[in-house]
file model-v4.tsv (TSV, C-alpha atoms)
chain	number	residue	atom	x	y	z
A	13	SER	CA	-8.53	-2.05	-11.55
A	14	GLN	CA	-5.09	-3.13	-10.40
A	15	GLN	CA	-2.25	-1.50	-12.28
A	16	GLY	CA	0.42	-4.02	-11.41
A	17	GLU	CA	0.40	-7.77	-11.63
A	18	GLU	CA	2.97	-9.72	-9.68
A	19	ASP	CA	4.33	-13.06	-10.76
A	20	PRO	CA	4.40	-15.58	-9.23
A	21	GLN	CA	1.43	-15.30	-6.87
A	22	ALA	CA	3.23	-17.55	-4.40
A	23	LEU	CA	6.85	-18.62	-4.03
A	24	SER	CA	8.42	-21.08	-1.59
A	25	ILE	CA	12.20	-21.42	-1.38
A	26	GLN	CA	14.87	-22.67	1.02
A	27	GLU	CA	16.63	-20.30	3.37
A	28	GLY	CA	19.78	-18.96	1.77
A	29	GLU	CA	18.42	-19.13	-1.78
A	30	ASN	CA	17.59	-16.07	-3.86
A	31	ALA	CA	13.98	-15.04	-4.47
A	32	THR	CA	12.85	-13.23	-7.60
A	33	MET	CA	9.47	-11.60	-8.05
A	34	ASN	CA	8.20	-9.86	-11.15
A	35	CYS	CA	5.72	-7.06	-11.67
A	36	SER	CA	4.04	-5.83	-14.83
A	37	TYR	CA	2.07	-2.62	-15.15
A	38	LYS	CA	-0.09	-0.97	-17.78
A	39	THR	CA	0.39	2.79	-17.98
A	40	SER	CA	3.30	5.21	-17.92
A	41	ILE	CA	4.78	5.86	-14.49
A	42	ASN	CA	6.96	8.32	-12.61
A	43	ASN	CA	8.27	5.66	-10.24
A	44	LEU	CA	7.68	2.10	-9.10
A	45	GLN	CA	7.92	0.99	-5.50
A	46	TRP	CA	8.07	-2.31	-3.67
A	47	TYR	CA	6.46	-2.90	-0.30
A	48	ARG	CA	6.51	-5.79	2.16
A	49	GLN	CA	3.56	-6.85	4.28
A	50	ASN	CA	3.89	-9.27	7.14
A	51	SER	CA	0.74	-11.18	7.98
A	52	GLY	CA	-1.91	-8.89	9.45
A	53	ARG	CA	0.35	-5.85	9.46
A	54	GLY	CA	0.65	-2.59	7.53
A	55	LEU	CA	2.88	-2.23	4.51
A	56	VAL	CA	6.52	-1.28	4.81
A	57	HIS	CA	8.34	0.55	2.04
A	58	LEU	CA	11.35	-1.35	0.69
A	59	ILE	CA	12.71	0.44	-2.33
A	60	LEU	CA	11.75	2.94	-5.03
A	61	ILE	CA	13.01	3.10	-8.58
A	62	ARG	CA	12.35	6.07	-10.82
A	63	SER	CA	11.29	5.76	-14.45
A	64	ASN	CA	14.69	6.97	-15.67
A	65	GLU	CA	16.57	4.33	-13.65
A	66	ARG	CA	17.20	0.77	-14.74
A	67	GLU	CA	18.55	-0.85	-11.59
A	68	LYS	CA	18.77	-0.05	-7.91
A	69	HIS	CA	20.25	-1.80	-4.89
A	70	SER	CA	19.51	-1.62	-1.19
A	71	GLY	CA	21.19	-4.15	1.07
A	72	ARG	CA	20.04	-7.59	-0.08
A	73	LEU	CA	17.47	-6.10	-2.45
A	74	ARG	CA	17.96	-5.48	-6.13
A	75	VAL	CA	15.26	-3.92	-8.28
A	76	THR	CA	15.24	-3.60	-12.04
A	77	LEU	CA	12.89	-1.60	-14.22
A	78	ASP	CA	12.24	-1.98	-17.93
A	79	THR	CA	9.89	0.79	-19.02
A	80	SER	CA	9.76	-0.48	-22.60
A	81	LYS	CA	8.26	-3.74	-21.34
A	82	LYS	CA	6.41	-2.06	-18.44
A	83	SER	CA	7.92	-4.53	-16.02
A	84	SER	CA	10.03	-4.66	-12.87
A	85	SER	CA	11.68	-7.37	-10.83
A	86	LEU	CA	12.64	-7.61	-7.18
A	87	LEU	CA	15.49	-9.89	-6.19
A	88	ILE	CA	16.11	-10.78	-2.56
A	89	THR	CA	19.48	-12.44	-2.14
A	90	ALA	CA	20.49	-14.89	0.61
A	91	SER	CA	16.93	-15.20	1.88
A	92	ARG	CA	16.14	-15.52	5.58
A	93	ALA	CA	13.13	-16.86	7.46
A	94	ALA	CA	12.27	-13.27	8.40
A	95	ASP	CA	11.77	-12.48	4.70
A	96	THR	CA	8.58	-14.55	4.75
A	97	ALA	CA	5.88	-12.01	3.80
A	98	SER	CA	3.80	-10.72	0.93
A	99	TYR	CA	5.52	-8.38	-1.50
A	100	PHE	CA	3.67	-5.77	-3.54
A	101	CYS	CA	4.72	-3.55	-6.36
A	102	ALA	CA	3.05	-0.15	-6.62
A	103	THR	CA	3.23	2.47	-9.32
A	104	SER	CA	3.01	6.23	-9.06
A	105	GLY	CA	2.36	8.85	-11.69
A	106	GLY	CA	4.30	11.32	-9.55
A	107	GLY	CA	1.34	13.34	-8.40
A	108	ALA	CA	-0.49	13.34	-5.09
A	109	ASP	CA	-3.10	10.85	-6.27
A	110	GLY	CA	-1.78	7.79	-4.50
A	111	LEU	CA	-0.28	4.48	-5.53
A	112	THR	CA	-1.72	1.69	-7.65
A	113	PHE	CA	-0.89	-1.72	-6.24
A	114	GLY	CA	-0.58	-5.19	-7.68
A	115	LYS	CA	-2.05	-8.24	-6.00
A	116	GLY	CA	1.23	-9.31	-4.45
A	117	THR	CA	3.57	-12.30	-4.27
A	118	HIS	CA	3.43	-14.38	-1.12
A	119	LEU	CA	6.97	-15.50	-0.30
A	120	ILE	CA	7.65	-18.36	2.10
A	121	ILE	CA	11.20	-19.08	3.22
A	122	GLN	CA	11.63	-22.66	4.41
A	123	PRO	CA	14.22	-23.10	7.19
B	17	ASN	CA	7.09	9.42	17.17
B	18	ALA	CA	4.12	7.18	16.30
B	19	GLY	CA	4.06	8.03	12.56
B	20	VAL	CA	0.56	7.08	11.37
B	21	THR	CA	-2.04	5.89	13.87
B	22	GLN	CA	-5.46	4.41	13.19
B	23	THR	CA	-8.43	3.76	15.42
B	24	PRO	CA	-10.09	1.42	16.02
B	25	LYS	CA	-7.97	-1.67	15.29
B	26	PHE	CA	-10.99	-3.94	14.93
B	27	GLN	CA	-14.68	-3.30	14.38
B	28	VAL	CA	-17.76	-5.42	13.71
B	29	LEU	CA	-20.82	-3.69	12.27
B	30	LYS	CA	-24.26	-4.83	11.25
B	31	THR	CA	-25.50	-4.00	7.77
B	32	GLY	CA	-26.82	-0.44	7.71
B	33	GLN	CA	-24.83	0.82	10.68
B	34	SER	CA	-22.48	3.75	10.33
B	35	MET	CA	-19.02	4.38	11.68
B	36	THR	CA	-15.97	6.59	11.26
B	37	LEU	CA	-12.41	5.35	10.97
B	38	GLN	CA	-9.86	7.76	12.34
B	39	CYS	CA	-6.34	8.40	11.07
B	40	ALA	CA	-3.77	10.77	12.50
B	41	GLN	CA	-0.16	11.52	11.57
B	42	ASP	CA	2.62	13.25	13.42
B	43	MET	CA	4.95	13.52	10.43
B	44	ASN	CA	3.69	16.91	9.19
B	45	HIS	CA	3.05	15.70	5.65
B	46	ASN	CA	0.44	17.25	3.40
B	47	SER	CA	-0.98	14.24	1.56
B	48	MET	CA	-3.03	11.52	3.25
B	49	TYR	CA	-4.72	8.44	1.81
B	50	TRP	CA	-7.28	5.76	2.59
B	51	TYR	CA	-6.91	2.31	1.04
B	52	ARG	CA	-8.79	-0.94	1.45
B	53	GLN	CA	-7.32	-4.41	1.15
B	54	ASP	CA	-9.48	-7.42	0.43
B	55	PRO	CA	-8.24	-11.01	0.93
B	56	GLY	CA	-5.62	-11.99	-1.61
B	57	MET	CA	-5.60	-8.53	-3.13
B	58	GLY	CA	-3.40	-5.52	-3.20
B	59	LEU	CA	-4.52	-2.19	-1.82
B	60	ARG	CA	-7.06	-0.07	-3.66
B	61	LEU	CA	-7.35	3.66	-3.15
B	62	ILE	CA	-10.65	4.91	-1.71
B	63	TYR	CA	-10.02	8.64	-1.20
B	64	TYR	CA	-7.08	10.93	-0.79
B	65	SER	CA	-6.34	14.42	0.43
B	66	ALA	CA	-3.47	16.23	-1.25
B	67	SER	CA	-3.54	19.00	1.34
B	68	GLU	CA	-5.61	20.33	4.19
B	69	GLY	CA	-9.05	21.32	2.93
B	70	THR	CA	-9.01	19.18	-0.22
B	71	THR	CA	-10.23	15.64	-0.88
B	72	ASP	CA	-10.49	13.57	-4.04
B	73	LYS	CA	-11.94	10.23	-5.06
B	74	GLY	CA	-9.74	7.25	-5.70
B	75	GLU	CA	-10.51	3.99	-7.45
B	76	VAL	CA	-13.28	2.72	-5.14
B	77	PRO	CA	-15.02	5.69	-3.43
B	78	ASN	CA	-18.63	4.47	-3.51
B	79	GLY	CA	-20.15	4.03	-0.05
B	80	TYR	CA	-17.55	6.21	1.69
B	81	ASN	CA	-17.06	9.82	2.69
B	82	VAL	CA	-13.96	11.51	4.05
B	83	SER	CA	-13.06	14.57	6.07
B	84	ARG	CA	-9.67	16.23	6.28
B	85	LEU	CA	-10.19	17.79	9.67
B	86	ASN	CA	-6.79	19.49	9.82
B	87	LYS	CA	-3.28	18.71	8.64
B	88	ARG	CA	-2.93	15.84	11.13
B	89	GLU	CA	-6.24	14.04	10.78
B	90	PHE	CA	-8.08	12.34	7.91
B	91	SER	CA	-11.22	10.35	8.69
B	92	LEU	CA	-13.17	7.82	6.62
B	93	ARG	CA	-16.89	7.40	7.18
B	94	LEU	CA	-19.21	4.57	6.22
B	95	GLU	CA	-22.74	5.97	6.30
B	96	SER	CA	-24.57	2.67	5.79
B	97	ALA	CA	-22.24	-0.31	6.02
B	98	ALA	CA	-22.64	-3.23	3.61
B	99	PRO	CA	-21.06	-6.72	3.72
B	100	SER	CA	-19.03	-5.78	0.62
B	101	GLN	CA	-17.19	-3.25	2.78
B	102	THR	CA	-15.72	-6.01	4.94
B	103	SER	CA	-12.03	-5.36	4.50
B	104	VAL	CA	-8.86	-4.10	6.12
B	105	TYR	CA	-8.54	-0.33	5.87
B	106	PHE	CA	-5.17	1.40	5.77
B	107	CYS	CA	-4.37	5.05	6.13
B	108	ALA	CA	-1.14	6.35	4.64
B	109	ILE	CA	0.87	9.52	4.19
B	110	VAL	CA	3.41	10.25	1.50
B	111	ARG	CA	6.84	11.71	1.88
B	112	ARG	CA	6.71	14.11	-1.06
B	113	ALA	CA	10.46	14.40	-1.52
B	114	THR	CA	10.82	10.66	-2.10
B	115	TYR	CA	7.25	9.51	-2.96
B	116	GLU	CA	7.50	6.84	-0.25
B	117	GLN	CA	4.27	6.07	1.53
B	118	TYR	CA	4.07	5.30	5.25
B	119	PHE	CA	1.15	3.17	6.35
B	120	GLY	CA	-0.78	2.89	9.56
B	121	PRO	CA	-1.36	-0.51	11.18
B	122	GLY	CA	-4.83	-0.91	9.67
B	123	THR	CA	-8.42	-1.31	10.84
B	124	ARG	CA	-9.99	-4.73	10.33
B	125	LEU	CA	-13.70	-4.18	9.63
B	126	THR	CA	-16.32	-6.91	9.41
B	127	VAL	CA	-19.87	-6.12	8.29
B	128	THR	CA	-22.43	-8.84	8.99
call {"tool": "encode", "arguments": {"input": "model-v4.tsv", "output": "structure tokens"}}
result
Amino acid sequence: SQQGEEDPQALSIQEGENATMNCSYKTSINNLQWYRQNSGRGLVHLILIRSNEREKHSGRLRVTLDTSKKSSSLLITASRAADTASYFCATSGGGADGLTFGKGTHLIIQP
Amino acid sequence: NAGVTQTPKFQVLKTGQSMTLQCAQDMNHNSMYWYRQDPGMGLRLIYYSASEGTTDKGEVPNGYNVSRLNKREFSLRLESAAPSQTSVYFCAIVRRATYEQYFGPGTRLTVT
């Protein structure tokens, strides 16, 4: 079963606006990661936040993690048309046994 | 530096046929993974190999076998393909120091 659940499933905004996606998960984690997938392509790693961190920034990306609520959010500021993609959260227990993915948020940036 | 490569890119099989999906990495990482992605879904782990010579089942291993041929290569085999295995298959490696996973471009498989 999927560990993470993203919300919303789809999001359409105007270029220049901020986009916020949320992720909830079920079990304890070592870290949570966000990936981007352009249509028909492989996934690209965006950012990782460890379980002992509450917020992390990378360029126009801001990720928060609330382990008490088992939830995370991804904020993309000043969106661009090139940000149109599906975004997935994925959790890791810290071992070698792979990631558990959510179903993703499909983000469309309107020019 | 190609990173993670997968062959073939596309494949159409008839029910009952067999095939092997190939994955190779040039990043010298120990752990390799096979995921499948169905329409509108996230990725689900099929099998993984934490190091050369070891393999373990993931969330959805039924109908698949794997071989970790050497440190570079990790193959996924469908012995008797079924329509339910129509999916996009991704191979990945993990950068252990940072837990980041790097994905191949995927193999789009259709079973009729």
call {"tool": "closest_residue", "arguments": {"input": "model-v4.tsv", "among": "B:Thr36, B:Ser91, B:Thr71, B:Gln53", "to": "Arg53 in chain A", "atoms": "all atoms listed in the file"}}
result
B:Gln53
call {"tool": "closest_residue", "arguments": {"input": "model-v4.tsv", "among": "A:Thr103, A:Gln122, A:Ser85, A:Thr39", "to": "Glu18 in chain A", "atoms": "all atoms listed in the file"}}
result
A:Ser85
call {"tool": "atom_distance", "arguments": {"input": "model-v4.tsv", "atom1": "CA of Leu60 in chain A", "atom2": "CA of Ala102 in chain A"}}
result
9.4 Å
call {"tool": "closest_residue", "arguments": {"input": "model-v4.tsv", "among": "B:Tyr64, B:Gln101, B:His45, B:Gly69", "to": "Tyr115 in chain B", "atoms": "only C-alpha atoms"}}
result
B:His45
call {"tool": "atom_distance", "arguments": {"input": "model-v4.tsv", "atom1": "CA of Phe26 in chain B", "atom2": "CA of Thr117 in chain A"}}
result
25.5 Å
call {"tool": "atom_distance", "arguments": {"input": "model-v4.tsv", "atom1": "CA of Ile120 in chain A", "atom2": "CA of Asn50 in chain A"}}
result
11.1 Å
call {"tool": "interface_residues", "arguments": {"input": "model-v4.tsv", "of": "chain B", "to": "chain A", "cutoff": "12 Å", "atoms": "all atoms listed in the file", "output": "PDB file with C-alpha atoms, keeping the file's coordinate frame"}}
result
ATOM      1  CA  VAL B  20       0.560   7.080  11.370  1.00  0.00           C
ATOM      2  CA  THR B  21      -2.040   5.890  13.870  1.00  0.00           C
ATOM      3  CA  GLN B  22      -5.460   4.410  13.190  1.00  0.00           C
ATOM      4  CA  LYS B  25      -7.970  -1.670  15.290  1.00  0.00           C
ATOM      5  CA  PHE B  26     -10.990  -3.940  14.930  1.00  0.00           C
ATOM      6  CA  HIS B  45       3.050  15.700   5.650  1.00  0.00           C
ATOM      7  CA  ASN B  46       0.440  17.250   3.400  1.00  0.00           C
ATOM      8  CA  SER B  47      -0.980  14.240   1.560  1.00  0.00           C
ATOM      9  CA  MET B  48      -3.030  11.520   3.250  1.00  0.00           C
ATOM     10  CA  TYR B  49      -4.720   8.440   1.810  1.00  0.00           C
ATOM     11  CA  TRP B  50      -7.280   5.760   2.590  1.00  0.00           C
ATOM     12  CA  TYR B  51      -6.910   2.310   1.040  1.00  0.00           C
ATOM     13  CA  ARG B  52      -8.790  -0.940   1.450  1.00  0.00           C
ATOM     14  CA  GLN B  53      -7.320  -4.410   1.150  1.00  0.00           C
ATOM     15  CA  ASP B  54      -9.480  -7.420   0.430  1.00  0.00           C
ATOM     16  CA  PRO B  55      -8.240 -11.010   0.930  1.00  0.00           C
ATOM     17  CA  GLY B  56      -5.620 -11.990  -1.610  1.00  0.00           C
ATOM     18  CA  MET B  57      -5.600  -8.530  -3.130  1.00  0.00           C
ATOM     19  CA  GLY B  58      -3.400  -5.520  -3.200  1.00  0.00           C
ATOM     20  CA  LEU B  59      -4.520  -2.190  -1.820  1.00  0.00           C
ATOM     21  CA  ARG B  60      -7.060  -0.070  -3.660  1.00  0.00           C
ATOM     22  CA  LEU B  61      -7.350   3.660  -3.150  1.00  0.00           C
ATOM     23  CA  ILE B  62     -10.650   4.910  -1.710  1.00  0.00           C
ATOM     24  CA  TYR B  63     -10.020   8.640  -1.200  1.00  0.00           C
ATOM     25  CA  TYR B  64      -7.080  10.930  -0.790  1.00  0.00           C
ATOM     26  CA  SER B  65      -6.340  14.420   0.430  1.00  0.00           C
ATOM     27  CA  ALA B  66      -3.470  16.230  -1.250  1.00  0.00           C
ATOM     28  CA  SER B  67      -3.540  19.000   1.340  1.00  0.00           C
ATOM     29  CA  THR B  70      -9.010  19.180  -0.220  1.00  0.00           C
ATOM     30  CA  THR B  71     -10.230  15.640  -0.880  1.00  0.00           C
ATOM     31  CA  ASP B  72     -10.490  13.570  -4.040  1.00  0.00           C
ATOM     32  CA  LYS B  73     -11.940  10.230  -5.060  1.00  0.00           C
ATOM     33  CA  GLY B  74      -9.740   7.250  -5.700  1.00  0.00           C
ATOM     34  CA  GLU B  75     -10.510   3.990  -7.450  1.00  0.00           C
ATOM     35  CA  VAL B  76     -13.280   2.720  -5.140  1.00  0.00           C
ATOM     36  CA  SER B 103     -12.030  -5.360   4.500  1.00  0.00           C
ATOM     37  CA  VAL B 104      -8.860  -4.100   6.120  1.00  0.00           C
ATOM     38  CA  TYR B 105      -8.540  -0.330   5.870  1.00  0.00           C
ATOM     39  CA  PHE B 106      -5.170   1.400   5.770  1.00  0.00           C
ATOM     40  CA  CYS B 107      -4.370   5.050   6.130  1.00  0.00           C
ATOM     41  CA  ALA B 108      -1.140   6.350   4.640  1.00  0.00           C
ATOM     42  CA  ILE B 109       0.870   9.520   4.190  1.00  0.00           C
ATOM     43  CA  VAL B 110       3.410  10.250   1.500  1.00  0.00           C
ATOM     44  CA  ARG B 111       6.840  11.710   1.880  1.00  0.00           C
ATOM     45  CA  ARG B 112       6.710  14.110  -1.060  1.00  0.00           C
ATOM     46  CA  ALA B 113      10.460  14.400  -1.520  1.00  0.00           C
ATOM     47  CA  THR B 114      10.820  10.660  -2.100  1.00  0.00           C
ATOM     48  CA  TYR B 115       7.250   9.510  -2.960  1.00  0.00           C
ATOM     49  CA  GLU B 116       7.500   6.840  -0.250  1.00  0.00           C
ATOM     50  CA  GLN B 117       4.270   6.070   1.530  1.00  0.00           C
ATOM     51  CA  TYR B 118       4.070   5.300   5.250  1.00  0.00           C
ATOM     52  CA  PHE B 119       1.150   3.170   6.350  1.00  0.00           C
ATOM     53  CA  GLY B 120      -0.780   2.890   9.560  1.00  0.00           C
ATOM     54  CA  PRO B 121      -1.360  -0.510  11.180  1.00  0.00           C
ATOM     55  CA  GLY B 122      -4.830  -0.910   9.670  1.00  0.00           C
ATOM     56  CA  THR B 123      -8.420  -1.310  10.840  1.00  0.00           C
ATOM     57  CA  ARG B 124      -9.990  -4.730  10.330  1.00  0.00           C
TER      58      ARG B 124
END
call {"tool": "closest_residue", "arguments": {"input": "model-v4.tsv", "among": "A:Gln49, A:Asp19, A:Asp78, A:Ser70", "to": "Ala31 in chain A", "atoms": "only C-alpha atoms"}}
result
A:Asp19
call {"tool": "closest_residue", "arguments": {"input": "model-v4.tsv", "among": "A:Ile88, A:Ala93, A:Val75, A:Leu119", "to": "Glu27 in chain A", "atoms": "only C-alpha atoms"}}
result
A:Ala93
call {"tool": "closest_residue", "arguments": {"input": "model-v4.tsv", "among": "A:Leu73, A:Leu23, A:Leu86, A:Ala97", "to": "Ser36 in chain A", "atoms": "all atoms listed in the file"}}
result
A:Leu86
call {"tool": "axis_aligned_box", "arguments": {"input": "model-v4.tsv", "around": "range 37-46 of chain B", "padding_each_side": "3 Å", "output": "AutoDock Vina command-line options"}}
result
--center_x -3.7 --center_y 11.3 --center_z 8.4 --size_x 23.4 --size_y 17.9 --size_z 16.0
call {"tool": "residues_around", "arguments": {"input": "model-v4.tsv", "residues": "range 89-91 of chain A", "least_positions_apart": "6", "cutoff": "9 Å", "atoms": "all atoms listed in the file", "output": "PDB file with C-alpha atoms, in the coordinates of the input"}}
result
ATOM      1  CA  ILE A  25      12.200 -21.420  -1.380  1.00  0.00           C
ATOM      2  CA  GLN A  26      14.870 -22.670   1.020  1.00  0.00           C
ATOM      3  CA  GLU A  27      16.630 -20.300   3.370  1.00  0.00           C
ATOM      4  CA  GLY A  28      19.780 -18.960   1.770  1.00  0.00           C
ATOM      5  CA  GLU A  29      18.420 -19.130  -1.780  1.00  0.00           C
ATOM      6  CA  ASN A  30      17.590 -16.070  -3.860  1.00  0.00           C
ATOM      7  CA  ALA A  31      13.980 -15.040  -4.470  1.00  0.00           C
ATOM      8  CA  THR A  32      12.850 -13.230  -7.600  1.00  0.00           C
ATOM      9  CA  ARG A  72      20.040  -7.590  -0.080  1.00  0.00           C
ATOM     10  CA  LEU A  73      17.470  -6.100  -2.450  1.00  0.00           C
ATOM     11  CA  ARG A  74      17.960  -5.480  -6.130  1.00  0.00           C
ATOM     12  CA  ILE A 121      11.200 -19.080   3.220  1.00  0.00           C
TER      13      ILE A 121
END
call {"tool": "decode", "arguments": {"input": "model-v4.tsv", "residues": "range 19-109 of chain A", "atoms": "C-alpha atoms", "output": "compact mmCIF listing (two decimals), in the first residue's frame"}}
result
# COMPACT_ATOMS: atom_id res chain seq x y z
CA ASP A 19 -3.09 16.59 -1.42
CA PRO A 20 -4.38 17.96 -3.70
CA GLN A 21 -4.32 15.36 -6.47
CA ALA A 22 -4.26 18.15 -9.04
CA LEU A 23 -3.46 21.86 -8.82
CA SER A 24 -3.67 24.55 -11.50
CA ILE A 25 -2.28 28.02 -10.83
CA GLN A 26 -1.11 31.09 -12.74
CA GLU A 27 2.55 31.61 -13.51
CA GLY A 28 4.19 33.63 -10.77
CA GLU A 29 1.92 32.33 -8.02
CA ASN A 30 3.07 30.01 -5.25
CA ALA A 31 2.13 26.33 -5.26
CA THR A 32 1.70 24.29 -2.10
CA MET A 33 1.40 20.52 -1.97
CA ASN A 34 0.87 18.41 1.11
CA CYS A 35 1.84 14.86 1.97
CA SER A 36 0.71 12.63 4.81
CA TYR A 37 2.30 9.34 5.76
CA LYS A 38 1.55 6.51 8.15
CA THR A 39 4.64 5.09 9.84
CA SER A 40 7.79 6.47 11.43
CA ILE A 41 10.44 7.64 9.00
CA ASN A 42 14.14 8.45 8.78
CA ASN A 43 13.62 11.01 6.03
CA LEU A 44 11.07 12.28 3.56
CA GLN A 45 11.90 13.22 -0.01
CA TRP A 46 10.15 15.05 -2.82
CA TYR A 47 10.53 14.11 -6.47
CA ARG A 48 9.36 15.69 -9.71
CA GLN A 49 8.26 13.74 -12.76
CA ASN A 50 7.74 15.35 -16.12
CA SER A 51 5.31 13.57 -18.39
CA GLY A 52 6.69 10.23 -19.55
CA ARG A 53 10.04 10.73 -17.85
CA GLY A 54 11.89 9.31 -14.85
CA LEU A 55 11.74 10.92 -11.44
CA VAL A 56 14.13 13.65 -10.41
CA HIS A 57 15.09 14.21 -6.79
CA LEU A 58 14.22 17.68 -5.51
CA ILE A 59 14.85 17.84 -1.80
CA LEU A 60 15.23 15.64 1.29
CA ILE A 61 14.28 16.48 4.84
CA ARG A 62 15.37 14.34 7.76
CA SER A 63 13.07 13.37 10.61
CA ASN A 64 14.88 15.69 13.03
CA GLU A 65 14.47 18.72 10.74
CA ARG A 66 11.41 20.93 10.57
CA GLU A 67 12.09 23.07 7.51
CA LYS A 68 14.46 23.07 4.58
CA HIS A 69 15.03 25.37 1.62
CA SER A 70 16.53 24.84 -1.81
CA GLY A 71 16.22 27.65 -4.33
CA ARG A 72 12.50 28.26 -4.86
CA LEU A 73 11.57 25.16 -2.86
CA ARG A 74 10.61 25.09 0.77
CA VAL A 75 9.78 21.85 2.57
CA THR A 76 8.34 21.48 6.04
CA LEU A 77 7.98 18.34 8.11
CA ASP A 78 5.76 17.75 11.11
CA THR A 79 6.50 14.30 12.49
CA SER A 80 3.84 14.61 15.20
CA LYS A 81 1.20 14.95 12.47
CA LYS A 82 3.06 12.68 10.03
CA SER A 83 2.80 15.32 7.35
CA SER A 84 4.98 17.40 5.04
CA SER A 85 4.43 20.26 2.64
CA LEU A 86 6.26 21.41 -0.45
CA LEU A 87 6.07 25.06 -1.43
CA ILE A 88 7.24 26.23 -4.84
CA THR A 89 7.50 30.00 -4.96
CA ALA A 90 7.20 32.22 -8.05
CA SER A 91 6.05 29.32 -10.22
CA ARG A 92 7.13 28.99 -13.85
CA ALA A 93 5.67 27.11 -16.80
CA ALA A 94 8.59 24.68 -16.54
CA ASP A 95 7.35 23.65 -13.07
CA THR A 96 4.41 21.87 -14.71
CA ALA A 97 4.90 18.24 -13.63
CA SER A 98 3.78 15.63 -11.13
CA TYR A 99 5.26 15.87 -7.66
CA PHE A 100 5.65 12.89 -5.35
CA CYS A 101 6.59 12.57 -1.74
CA ALA A 102 8.48 9.46 -0.69
CA THR A 103 9.42 8.20 2.73
CA SER A 104 12.44 6.20 3.83
CA GLY A 105 13.07 4.22 6.96
CA GLY A 106 16.79 4.84 6.48
CA GLY A 107 17.69 1.34 5.42
CA ALA A 108 18.42 -0.07 1.99
CA ASP A 109 14.84 -1.22 1.45
